[in-house]
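As provided, protein12.tsv (TSV, C-alpha atoms) reads as follows.
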```tsv
chain	number	residue	atom	x	y	z
G	72	MET	CA	151.68	100.03	112.28
G	73	MET	CA	150.24	97.26	114.43
G	74	LYS	CA	148.02	99.78	116.22
G	75	LYS	CA	146.73	101.05	112.88
G	76	LYS	CA	145.89	97.51	111.69
G	77	LEU	CA	144.21	96.76	115.03
G	78	TYR	CA	142.19	99.96	114.73
G	79	ILE	CA	141.05	99.05	111.20
G	80	PHE	CA	140.15	95.53	112.35
G	81	ILE	CA	138.06	96.90	115.25
G	82	VAL	CA	136.26	99.33	112.92
G	83	ILE	CA	135.43	96.48	110.53
G	84	ILE	CA	134.11	94.30	113.36
G	85	LEU	CA	132.01	97.15	114.76
G	86	SER	CA	130.63	97.95	111.30
G	87	PHE	CA	129.69	94.30	110.82
G	88	LEU	CA	127.99	94.16	114.22
G	89	ILE	CA	126.08	97.38	113.55
G	90	PHE	CA	124.97	96.10	110.13
G	91	ALA	CA	123.95	92.73	111.57
G	92	THR	CA	121.99	94.40	114.38
G	93	TYR	CA	120.30	96.73	111.88
G	94	LYS	CA	119.42	93.79	109.63
G	95	ILE	CA	117.92	91.87	112.55
G	96	PHE	CA	115.92	94.98	113.50
G	97	ILE	CA	114.58	95.36	109.97
G	98	GLU	CA	113.70	91.67	109.69
G	99	ASN	CA	111.79	91.76	112.98
G	100	LYS	CA	110.08	95.08	112.40
G	101	THR	CA	106.35	94.75	111.72
G	102	ILE	CA	105.24	96.51	108.55
G	103	ILE	CA	101.78	97.75	107.64
G	104	GLU	CA	100.45	96.69	104.26
G	105	LYS	CA	97.34	98.49	102.99
G	106	ASP	CA	95.20	98.24	99.87
G	107	THR	CA	91.71	99.09	98.60
G	108	ILE	CA	89.34	97.90	95.91
G	109	LEU	CA	85.89	99.12	94.83
G	110	ALA	CA	83.42	96.25	94.68
G	111	MET	CA	79.62	95.98	95.01
G	112	ASP	CA	79.35	99.78	95.40
G	113	THR	CA	81.60	99.55	98.45
G	114	GLN	CA	85.20	100.50	99.19
G	115	ILE	CA	86.77	97.30	100.49
G	116	SER	CA	90.06	97.96	102.24
G	117	TRP	CA	92.46	95.98	104.39
G	118	VAL	CA	95.35	96.65	106.74
G	119	ILE	CA	97.75	93.76	107.30
G	120	TYR	CA	100.59	93.63	109.84
G	121	GLU	CA	103.53	91.32	109.17
G	122	LYS	CA	107.32	91.10	109.12
G	123	PRO	CA	108.82	91.96	105.72
G	124	SER	CA	110.50	88.59	105.31
G	125	LEU	CA	107.21	86.76	105.91
G	126	TYR	CA	104.86	88.90	103.82
G	127	PRO	CA	103.86	87.10	100.59
G	128	LEU	CA	104.55	89.35	97.62
G	129	ASP	CA	101.38	88.30	95.81
G	130	LEU	CA	99.01	88.47	98.79
G	131	ASN	CA	97.22	91.67	97.77
G	132	ALA	CA	96.78	90.29	94.25
G	133	LYS	CA	95.28	87.08	95.67
G	134	ILE	CA	92.78	89.06	97.74
G	135	LYS	CA	91.75	91.24	94.80
G	136	THR	CA	91.38	88.25	92.50
G	137	ARG	CA	89.14	86.49	95.02
G	138	ILE	CA	86.97	89.58	95.47
G	139	ASP	CA	86.60	89.95	91.69
G	140	GLU	CA	85.62	86.28	91.38
G	141	LEU	CA	82.87	86.63	93.98
G	142	VAL	CA	81.50	89.92	92.65
G	143	LYS	CA	81.20	88.39	89.17
G	144	LEU	CA	79.12	85.63	90.70
G	145	LEU	CA	76.99	87.42	93.29
G	146	SER	CA	76.27	90.91	91.93
G	147	VAL	CA	72.56	91.45	91.28
G	148	THR	CA	73.18	94.30	88.81
G	149	ASP	CA	76.14	92.99	86.79
G	150	GLU	CA	74.67	91.56	83.57
G	151	ASN	CA	77.46	88.99	83.42
G	152	SER	CA	77.01	87.67	86.96
G	153	GLU	CA	75.56	84.30	87.87
G	154	ILE	CA	72.78	85.84	89.97
G	155	TYR	CA	71.79	88.16	87.13
G	156	LYS	CA	71.50	85.08	84.91
G	157	VAL	CA	69.32	83.36	87.52
G	158	ASN	CA	67.04	86.40	87.80
G	159	HIS	CA	66.55	86.67	84.05
G	160	HIS	CA	65.92	83.01	83.34
G	161	GLN	CA	63.00	82.21	85.64
G	162	GLU	CA	61.15	78.92	85.35
G	163	ARG	CA	64.37	77.20	84.34
G	164	ASP	CA	66.86	75.17	86.34
G	165	ILE	CA	70.15	77.10	86.45
G	166	ASN	CA	73.42	75.46	87.46
G	167	LEU	CA	75.30	77.34	90.17
G	168	SER	CA	79.00	77.52	91.00
G	169	LYS	CA	80.11	76.28	94.40
G	170	ASP	CA	80.37	79.81	95.85
G	171	THR	CA	76.97	80.95	94.59
G	172	LYS	CA	75.35	77.76	95.81
G	173	ASN	CA	76.94	78.21	99.26
G	174	VAL	CA	75.68	81.80	99.55
G	175	VAL	CA	72.19	80.97	98.28
G	176	LEU	CA	71.92	77.99	100.63
G	177	PHE	CA	73.09	80.00	103.65
G	178	THR	CA	70.75	82.89	102.77
G	179	LEU	CA	67.73	80.60	102.47
G	180	GLN	CA	68.64	78.92	105.75
G	181	MET	CA	68.82	82.30	107.49
G	182	ALA	CA	65.53	83.34	105.90
G	183	GLU	CA	63.95	80.21	107.38
G	184	LYS	CA	65.53	80.74	110.82
G	185	THR	CA	64.38	84.36	110.95
G	186	ASN	CA	60.91	83.54	109.63
G	187	GLY	CA	61.39	85.76	106.59
G	188	ALA	CA	62.82	88.78	108.40
G	189	LEU	CA	65.74	88.18	106.05
G	190	GLU	CA	63.97	88.02	102.70
G	191	PRO	CA	66.26	87.46	99.69
G	192	THR	CA	63.40	87.68	97.16
G	193	ILE	CA	62.53	91.30	98.05
G	194	TYR	CA	64.61	92.57	95.11
G	195	PRO	CA	61.73	93.55	92.74
G	196	VAL	CA	60.25	95.73	95.49
G	197	LEU	CA	63.65	97.20	96.37
G	198	ARG	CA	64.16	98.12	92.73
G	199	GLU	CA	60.73	99.74	92.54
G	200	TRP	CA	61.73	102.04	95.42
G	201	GLY	CA	64.81	102.99	93.37
G	202	PHE	CA	67.42	101.75	95.83
G	203	THR	CA	69.26	99.76	93.15
G	204	THR	CA	69.04	102.43	90.44
G	205	GLY	CA	69.24	105.71	92.33
G	206	LYS	CA	65.88	106.77	90.83
G	207	TYR	CA	64.13	107.07	94.18
G	208	GLN	CA	60.35	107.09	94.40
G	209	ILE	CA	57.54	106.13	96.75
G	210	PRO	CA	55.65	103.34	94.95
G	211	ASP	CA	51.87	103.39	95.12
G	212	GLU	CA	50.15	100.84	97.31
G	213	THR	CA	48.77	98.86	94.37
G	214	LYS	CA	52.22	98.44	92.83
G	215	ILE	CA	53.69	97.24	96.13
G	216	ARG	CA	50.87	94.72	96.61
G	217	ASP	CA	51.39	93.38	93.10
G	218	LEU	CA	55.14	92.97	93.57
G	219	LEU	CA	54.69	91.26	96.95
G	220	ASN	CA	53.10	88.37	95.07
G	221	TYR	CA	56.65	87.54	93.92
G	222	VAL	CA	58.22	87.81	97.37
G	223	ASP	CA	58.54	84.52	99.25
G	224	TYR	CA	61.87	82.79	99.88
G	225	ARG	CA	60.03	79.47	100.40
G	226	LYS	CA	59.26	79.33	96.67
G	227	VAL	CA	62.95	79.25	95.73
G	228	SER	CA	64.00	75.72	94.87
G	229	LEU	CA	67.63	74.73	95.44
G	230	LYS	CA	68.54	71.12	94.71
G	231	GLU	CA	72.19	70.13	94.67
G	232	ASN	CA	73.74	72.91	92.55
G	233	GLN	CA	70.57	73.84	90.65
G	234	ILE	CA	68.29	76.74	91.47
G	235	TYR	CA	64.77	77.38	90.21
G	236	LEU	CA	62.76	80.59	90.55
G	237	PRO	CA	59.08	80.98	89.67
G	238	GLU	CA	58.19	83.52	86.99
G	239	GLY	CA	58.50	87.11	88.19
G	240	MET	CA	60.63	86.24	91.22
G	241	GLN	CA	64.19	87.54	91.63
G	242	ILE	CA	66.78	86.88	94.30
G	243	ASP	CA	69.27	89.32	95.85
G	244	LEU	CA	72.18	88.10	97.97
G	245	GLY	CA	73.29	91.59	98.99
G	246	ALA	CA	72.35	91.04	102.64
G	247	VAL	CA	74.98	88.30	102.92
G	248	ALA	CA	77.48	88.84	100.08
G	249	LYS	CA	79.81	91.34	101.81
G	250	GLY	CA	80.04	89.14	104.88
G	251	TYR	CA	80.84	86.11	102.72
G	252	ILE	CA	83.54	88.11	100.89
G	253	GLY	CA	85.02	89.15	104.24
G	254	ASP	CA	85.10	85.53	105.40
G	255	GLU	CA	86.90	84.53	102.21
G	256	ILE	CA	89.52	87.25	102.70
G	257	ILE	CA	90.13	85.96	106.23
G	258	LYS	CA	90.64	82.45	104.80
G	259	ILE	CA	93.28	83.77	102.40
G	260	LEU	CA	95.11	85.61	105.18
G	261	LYS	CA	95.15	82.54	107.43
G	262	ALA	CA	96.35	80.34	104.56
G	263	ASN	CA	99.27	82.75	104.16
G	264	ASN	CA	100.10	82.68	107.88
G	265	ILE	CA	98.96	86.23	108.57
G	266	SER	CA	98.06	86.77	112.23
G	267	PHE	CA	96.99	90.42	112.46
G	268	ALA	CA	94.68	92.24	110.06
G	269	LEU	CA	91.65	94.51	109.80
G	270	ILE	CA	89.26	94.38	106.83
G	271	ASN	CA	86.74	97.15	106.19
G	272	LEU	CA	83.80	96.41	103.88
G	273	GLY	CA	81.60	99.46	104.35
G	274	GLY	CA	79.31	98.62	107.27
G	275	ASN	CA	81.25	95.40	107.87
G	276	VAL	CA	84.54	95.13	109.74
G	277	GLN	CA	86.38	91.82	110.11
G	278	LEU	CA	89.27	91.38	112.50
G	279	LEU	CA	92.01	88.78	112.36
G	280	GLY	CA	93.62	88.41	115.76
G	281	THR	CA	94.52	91.41	117.88
G	282	LYS	CA	96.80	94.30	117.06
G	283	PRO	CA	100.45	93.17	116.74
G	284	ASN	CA	101.21	94.42	120.27
G	285	GLY	CA	98.39	92.36	121.72
G	286	ASP	CA	95.96	95.26	122.18
G	287	LEU	CA	92.35	94.96	121.11
G	288	TRP	CA	91.13	96.80	118.02
G	289	ASN	CA	89.05	99.95	118.56
G	290	ILE	CA	85.94	99.87	116.34
G	291	GLY	CA	83.82	103.01	116.20
G	292	LEU	CA	80.05	102.59	116.30
G	293	LYS	CA	78.53	105.31	114.15
G	294	SER	CA	75.93	107.64	115.59
G	295	PRO	CA	72.61	107.28	113.72
G	296	ASN	CA	72.13	111.06	113.70
G	297	SER	CA	75.59	112.48	112.95
G	298	GLN	CA	78.92	111.67	111.34
G	299	ASP	CA	80.76	110.91	114.58
G	300	TYR	CA	80.83	107.81	116.79
G	301	ILE	CA	78.32	107.10	119.52
G	302	GLY	CA	80.69	104.61	121.13
G	303	ILE	CA	83.76	102.42	120.77
G	304	LEU	CA	83.95	98.63	120.79
G	305	ARG	CA	87.25	96.99	121.79
G	306	LEU	CA	87.40	93.58	120.14
G	307	ALA	CA	89.59	90.98	118.44
G	308	ASP	CA	89.23	88.07	116.02
G	309	CYS	CA	85.60	88.60	115.03
G	310	ALA	CA	83.24	90.27	112.57
G	311	VAL	CA	81.40	93.49	113.42
G	312	VAL	CA	78.50	94.30	111.10
G	313	THR	CA	76.12	97.26	111.32
G	314	SER	CA	72.92	97.99	109.41
G	315	GLY	CA	71.17	101.31	109.92
G	316	ASN	CA	68.45	103.54	108.54
G	317	TYR	CA	71.04	106.26	107.91
G	318	GLU	CA	73.12	104.32	105.34
G	319	ARG	CA	71.04	104.40	102.14
G	320	TYR	CA	67.92	106.52	102.19
G	321	PHE	CA	66.08	109.33	100.47
G	322	ILE	CA	63.72	112.07	101.58
G	323	GLY	CA	60.33	111.79	99.90
G	324	GLU	CA	58.08	114.62	98.74
G	325	ASP	CA	56.29	114.19	102.07
G	326	ASN	CA	59.59	115.11	103.83
G	327	LYS	CA	59.82	111.66	105.39
G	328	ARG	CA	62.93	109.48	105.32
G	329	TYR	CA	62.73	106.17	103.45
G	330	TRP	CA	65.56	103.67	103.89
G	331	HIS	CA	66.68	100.59	102.00
G	332	ILE	CA	65.99	97.90	104.62
G	333	LEU	CA	62.55	96.67	103.57
G	334	ASP	CA	60.11	94.48	105.46
G	335	GLY	CA	59.27	91.52	103.22
G	336	LYS	CA	55.73	91.40	104.59
G	337	THR	CA	54.83	95.03	103.83
G	338	GLY	CA	57.19	95.95	100.99
G	339	LYS	CA	58.03	99.15	102.85
G	340	PRO	CA	61.03	100.32	104.91
G	341	ALA	CA	61.11	98.31	108.14
G	342	ASP	CA	60.06	100.71	110.90
G	343	LYS	CA	60.20	99.09	114.33
G	344	HIS	CA	61.81	102.17	115.94
G	345	ILE	CA	65.35	100.85	115.50
G	346	ASN	CA	68.00	103.19	114.07
G	347	SER	CA	70.81	100.66	113.84
G	348	VAL	CA	71.71	97.05	114.58
G	349	THR	CA	75.30	95.97	115.24
G	350	ILE	CA	76.16	92.27	115.29
G	351	VAL	CA	79.39	90.81	116.68
G	352	THR	CA	80.07	87.23	115.64
G	353	LYS	CA	82.73	84.90	114.28
G	354	GLN	CA	81.35	84.77	110.74
G	355	GLY	CA	80.91	87.85	108.59
G	356	LYS	CA	78.09	86.26	106.61
G	357	LEU	CA	76.15	85.54	109.81
G	358	GLY	CA	76.64	89.10	111.04
G	359	ASP	CA	75.53	90.43	107.66
G	360	ALA	CA	72.35	88.36	107.63
G	361	LEU	CA	71.42	89.12	111.23
G	362	SER	CA	72.05	92.86	111.09
G	363	THR	CA	69.33	93.07	108.43
G	364	ALA	CA	66.96	90.49	109.92
G	365	LEU	CA	67.01	91.94	113.45
G	366	PHE	CA	66.44	95.44	112.10
G	367	VAL	CA	63.26	94.13	110.47
G	368	MET	CA	62.22	92.21	113.60
G	369	GLY	CA	62.30	95.08	116.07
G	370	VAL	CA	63.64	95.14	119.63
G	371	ASP	CA	61.48	92.52	121.37
G	372	GLU	CA	61.71	89.90	118.64
G	373	ALA	CA	65.44	90.55	118.18
G	374	ILE	CA	66.08	89.99	121.90
G	375	ASN	CA	64.07	86.75	121.85
G	376	TYR	CA	66.02	85.58	118.80
G	377	TRP	CA	69.32	86.28	120.59
G	378	LYS	CA	68.19	84.34	123.65
G	379	GLN	CA	67.30	81.32	121.51
G	380	SER	CA	70.54	81.30	119.51
G	381	LYS	CA	72.49	78.91	121.73
G	382	ASP	CA	74.19	76.85	119.02
G	383	GLU	CA	77.89	77.70	118.72
G	384	ASN	CA	77.57	78.23	114.95
G	385	ASP	CA	74.73	80.71	115.46
G	386	ALA	CA	76.18	82.54	118.47
G	387	PHE	CA	76.30	86.32	118.29
G	388	GLU	CA	76.18	89.48	120.38
G	389	MET	CA	74.30	92.63	119.44
G	390	ILE	CA	73.76	96.33	120.03
G	391	LEU	CA	70.41	97.88	119.09
G	392	ILE	CA	70.08	101.67	119.00
G	393	THR	CA	66.49	102.91	119.01
G	394	ASP	CA	64.89	106.20	118.05
G	395	ASP	CA	63.97	106.93	121.69
G	396	LYS	CA	67.67	107.09	122.67
G	397	LYS	CA	68.04	103.62	124.11
G	398	ILE	CA	70.98	101.30	123.54
G	399	TYR	CA	70.20	97.61	124.03
G	400	ILE	CA	73.45	95.69	124.50
G	401	THR	CA	73.88	91.98	125.22
G	402	GLU	CA	75.65	91.24	128.47
G	403	ASN	CA	78.82	89.81	126.93
G	404	LEU	CA	79.54	93.09	125.13
G	405	VAL	CA	79.13	95.44	128.08
G	406	ASP	CA	82.79	95.42	129.11
G	407	SER	CA	83.88	95.90	125.49
G	408	PHE	CA	81.77	99.00	124.82
G	409	THR	CA	82.45	102.60	125.81
G	410	LEU	CA	79.78	105.24	125.25
G	411	GLN	CA	81.11	108.62	124.12
G	412	ASP	CA	80.59	111.44	126.63
G	413	LYS	CA	78.39	113.54	124.32
G	414	TYR	CA	75.87	110.68	124.16
G	415	LYS	CA	75.44	110.19	127.89
G	416	ASP	CA	71.76	111.09	127.46
G	417	TYR	CA	71.25	107.68	125.85
G	418	HIS	CA	69.95	105.00	128.22
G	419	MET	CA	71.90	101.72	128.27
G	420	VAL	CA	69.77	98.57	128.63
G	421	VAL	CA	71.73	95.36	129.28
G	422	VAL	CA	70.12	92.31	127.70
G	423	THR	CA	70.58	89.11	129.71
G	424	LEU	CA	69.52	85.50	129.23
```

Write out the structure in this file as structure tokens.
Amino acid sequence: MMKKKLYIFIVIILSFLIFATYKIFIENKTIIEKDTILAMDTQISWVIYEKPSLYPLDLNAKIKTRIDELVKLLSVTDENSEIYKVNHHQERDINLSKDTKNVVLFTLQMAEKTNGALEPTIYPVLREWGFTTGKYQIPDETKIRDLLNYVDYRKVSLKENQIYLPEGMQIDLGAVAKGYIGDEIIKILKANNISFALINLGGNVQLLGTKPNGDLWNIGLKSPNSQDYIGILRLADCAVVTSGNYERYFIGEDNKRYWHILDGKTGKPADKHINSVTIVTKQGKLGDALSTALFVMGVDEAINYWKQSKDENDAFEMILITDDKKIYITENLVDSFTLQDKYKDYHMVVVTL
């Protein structure tokens, strides 16, 4: 009888130990939380790694709410957005929310720093090409010249939280908005003590920390001429933003390709023989702005701009892929980049200070 009781006692103890061990395993196991939302014509998705006991139940809802808030402010096509209101009430002072003011201010500052290569008032010309409506066309030269009279970021007046646009001028924050949204998502994750995450906003990727095991993230760099990757970047805790002439384009009746990145000086697709620009930086909004601006600048001007950007807040690295099969890569990215074997015919050019 005593043996039987001892046996039962041992079984109970073992069961308790097994359950306790299993519970500890579950509590320490890292889970993967994923979600997606469609915003600003882009699938925004995120992958978050955290222990079940530490993952906030309302985190995904917080992220979606924040994205919705920003889209309702910054969308150039949403008739209820703040920017739409600004664009349809020219020659009047319009009060801006804190977020819209921050994005407008940053965009104008980047326009000034890039000497108009980033041109937020290009929207009327962009619309004429059909890139905002899907009704693609090649505008005649006279129409482009007329619309360029309304393109000049220096004529936008921003005082405190009030913005003023001259008649006929419209502003588009699309070259910065996705990066700003990505930065705001990162803020939410950090406020909720999340350490490892990847956010995908179309051509923008933002990384929080490393992978949970300490490895770097592998970010594919799309080939300008096919659907595969020309190379892989291994990075952590940064934003990676790419703009290319293969993203949004149409083929005209002349069988030429026309893409959505316009030169504010000509009103036509920027054509400085660059296929894509990839920016690696701490801030998504900075990467967003520069990926567009450097595409417009061209290789030589882009390299000079990189060399002059010594301030910590403006620091960035870049990869420029040109139409003559050259890859210009800044020296600090060389060890992080691996060129795929099938693209060995591309010539790597290391850019140094």

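For the pair CA of Glu255 (chain G) and CA of Ala268 (chain G), the separation is 13.5 Å.
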
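For Gly291 (chain G), the set of protein, DNA and RNA residues having any atom at most 7 Å away, when counting all atoms listed in the file and skipping those fewer than 5 positions along the same chain, is Tyr300, Gly302, Ile303 and Leu304 of chain G.
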
Nearby residues (all atoms listed in the file) at most 10 Å from Tyr414 (chain G), same-chain spacing under 4 positions excluded, as a short mmCIF file (atom, residue, chain, number, x, y, z; two decimals) with C-alpha atoms, in the coordinates of the input:
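What landed in out-v5.cif:
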```
data_model
loop_
_atom_site.label_atom_id
_atom_site.label_comp_id
_atom_site.auth_asym_id
_atom_site.auth_seq_id
_atom_site.Cartn_x
_atom_site.Cartn_y
_atom_site.Cartn_z
CA SER G 294 75.93 107.64 115.59
CA TYR G 300 80.83 107.81 116.79
CA ILE G 301 78.32 107.10 119.52
CA GLY G 302 80.69 104.61 121.13
CA LYS G 396 67.67 107.09 122.67
CA LEU G 410 79.78 105.24 125.25
CA HIS G 418 69.95 105.00 128.22
#
```

I'd like the contact shell of Gln161 (chain G) - 7 Å cut-off, all atoms listed in the file, skipping same-chain residues fewer than 3 positions apart - returned as a PyMOL selection string. chain G and resi 157-158+235-238

Minimum-distance residue to Leu176 (chain G), chosen among G:Asn232, G:Thr136, G:Asn289, G:Thr423 (using only C-alpha atoms):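 Under the stated criterion, the closest residue is G:Asn232.
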
Kindly give the distance, in Å, that separates CA of Ala182 (chain G) and CA of Thr352 (chain G), rounded to a single decimal.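 Straight-line distance from CA of Ala182 (chain G) to CA of Thr352 (chain G) works out to 17.9 Å.
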
Write out as JSON an axis-aligned box for region 325-333 of chain G: all of its atoms listed in the file, 4 Å added on each side, centre and edge lengths in Å with one decimal.
```
{"center_x": 61.5, "center_y": 105.9, "center_z": 103.7, "size_x": 18.4, "size_y": 26.4, "size_z": 11.4}
```

Proximity to Asn296 (chain G) - best of G:Thr393, G:Ala110, G:Leu197, G:Ser146, all atoms listed in the file: G:Thr393

Would you work out the distance separating CA of Val175 (chain G) from CA of Ile193 (chain G), expressed in Å to one decimal?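 CA of Val175 (chain G) sits 14.1 Å away from CA of Ile193 (chain G).
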
Pick the closest to His160 (chain G) from G:Ser407, G:Gln208, G:Gln241, G:Gln180: which is it, counting all atoms listed in the file? G:Gln241

Contacts of Ser347 (chain G) within 8 Å, all atoms listed in the file, excl. fewer than 3 positions in-chain, as a ChimeraX atom specification: /G:295,313-316,366,391-393

What's the 12 Å shell around Val312 (chain G), counting only C-alpha atoms, without same-chain residues fewer than 3 positions away, as a PDB file with C-alpha atoms, in the coordinates of the input?
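Listed below is the output, selection.pdb:
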```pdb
ATOM      1  CA  ALA G 246      72.350  91.040 102.640  1.00  0.00           C
ATOM      2  CA  VAL G 247      74.980  88.300 102.920  1.00  0.00           C
ATOM      3  CA  LYS G 249      79.810  91.340 101.810  1.00  0.00           C
ATOM      4  CA  GLY G 250      80.040  89.140 104.880  1.00  0.00           C
ATOM      5  CA  TYR G 251      80.840  86.110 102.720  1.00  0.00           C
ATOM      6  CA  GLY G 253      85.020  89.150 104.240  1.00  0.00           C
ATOM      7  CA  ILE G 270      89.260  94.380 106.830  1.00  0.00           C
ATOM      8  CA  ASN G 271      86.740  97.150 106.190  1.00  0.00           C
ATOM      9  CA  LEU G 272      83.800  96.410 103.880  1.00  0.00           C
ATOM     10  CA  GLY G 273      81.600  99.460 104.350  1.00  0.00           C
ATOM     11  CA  GLY G 274      79.310  98.620 107.270  1.00  0.00           C
ATOM     12  CA  ASN G 275      81.250  95.400 107.870  1.00  0.00           C
ATOM     13  CA  VAL G 276      84.540  95.130 109.740  1.00  0.00           C
ATOM     14  CA  GLN G 277      86.380  91.820 110.110  1.00  0.00           C
ATOM     15  CA  LEU G 278      89.270  91.380 112.500  1.00  0.00           C
ATOM     16  CA  ILE G 290      85.940  99.870 116.340  1.00  0.00           C
ATOM     17  CA  GLY G 291      83.820 103.010 116.200  1.00  0.00           C
ATOM     18  CA  LEU G 292      80.050 102.590 116.300  1.00  0.00           C
ATOM     19  CA  LYS G 293      78.530 105.310 114.150  1.00  0.00           C
ATOM     20  CA  LEU G 304      83.950  98.630 120.790  1.00  0.00           C
ATOM     21  CA  CYS G 309      85.600  88.600 115.030  1.00  0.00           C
ATOM     22  CA  GLY G 315      71.170 101.310 109.920  1.00  0.00           C
ATOM     23  CA  SER G 347      70.810 100.660 113.840  1.00  0.00           C
ATOM     24  CA  VAL G 348      71.710  97.050 114.580  1.00  0.00           C
ATOM     25  CA  THR G 349      75.300  95.970 115.240  1.00  0.00           C
ATOM     26  CA  ILE G 350      76.160  92.270 115.290  1.00  0.00           C
ATOM     27  CA  VAL G 351      79.390  90.810 116.680  1.00  0.00           C
ATOM     28  CA  THR G 352      80.070  87.230 115.640  1.00  0.00           C
ATOM     29  CA  LYS G 353      82.730  84.900 114.280  1.00  0.00           C
ATOM     30  CA  GLN G 354      81.350  84.770 110.740  1.00  0.00           C
ATOM     31  CA  GLY G 355      80.910  87.850 108.590  1.00  0.00           C
ATOM     32  CA  LYS G 356      78.090  86.260 106.610  1.00  0.00           C
ATOM     33  CA  LEU G 357      76.150  85.540 109.810  1.00  0.00           C
ATOM     34  CA  GLY G 358      76.640  89.100 111.040  1.00  0.00           C
ATOM     35  CA  ASP G 359      75.530  90.430 107.660  1.00  0.00           C
ATOM     36  CA  ALA G 360      72.350  88.360 107.630  1.00  0.00           C
ATOM     37  CA  LEU G 361      71.420  89.120 111.230  1.00  0.00           C
ATOM     38  CA  SER G 362      72.050  92.860 111.090  1.00  0.00           C
ATOM     39  CA  THR G 363      69.330  93.070 108.430  1.00  0.00           C
ATOM     40  CA  LEU G 365      67.010  91.940 113.450  1.00  0.00           C
ATOM     41  CA  PHE G 387      76.300  86.320 118.290  1.00  0.00           C
ATOM     42  CA  GLU G 388      76.180  89.480 120.380  1.00  0.00           C
ATOM     43  CA  MET G 389      74.300  92.630 119.440  1.00  0.00           C
ATOM     44  CA  ILE G 390      73.760  96.330 120.030  1.00  0.00           C
ATOM     45  CA  LEU G 391      70.410  97.880 119.090  1.00  0.00           C
TER      46      LEU G 391
END
```

Tell me which of G:Val405, G:Ile265, G:Leu306, G:Val174 sits closest to Met419 (chain G), counting all atoms listed in the file.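 The closest residue to Met419 (chain G) is G:Val405.
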
In terms of the shortest atom-to-atom distance over all atoms listed in the file, which of G:Val147, G:Val222, G:Leu189, G:Ala307 is closest to Asp243 (chain G)?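 Closest to Asp243 (chain G), using all atoms listed in the file: G:Val147.
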
Using only C-alpha atoms, which of the listed residues (G:Ala373, G:Ile119, G:Ile215, G:Leu130) sits closest to Tyr399 (chain G)? G:Ala373

Using all atoms listed in the file and a cutoff of 10 Å, can you tell me which residues are near (104.0, 86.0, 105.5) in the file's coordinates, and write them out as an MDAnalysis selection string? chainID G and resid 120:128 130 260:266

Could you save the residues just selected, with C-alpha atoms, as a compact mmCIF listing (two decimals), in the frame of the given file?
```txt
# COMPACT_ATOMS: atom_id res chain seq x y z
CA TYR G 120 100.59 93.63 109.84
CA GLU G 121 103.53 91.32 109.17
CA LYS G 122 107.32 91.10 109.12
CA PRO G 123 108.82 91.96 105.72
CA SER G 124 110.50 88.59 105.31
CA LEU G 125 107.21 86.76 105.91
CA TYR G 126 104.86 88.90 103.82
CA PRO G 127 103.86 87.10 100.59
CA LEU G 128 104.55 89.35 97.62
CA LEU G 130 99.01 88.47 98.79
CA LEU G 260 95.11 85.61 105.18
CA LYS G 261 95.15 82.54 107.43
CA ALA G 262 96.35 80.34 104.56
CA ASN G 263 99.27 82.75 104.16
CA ASN G 264 100.10 82.68 107.88
CA ILE G 265 98.96 86.23 108.57
CA SER G 266 98.06 86.77 112.23
```
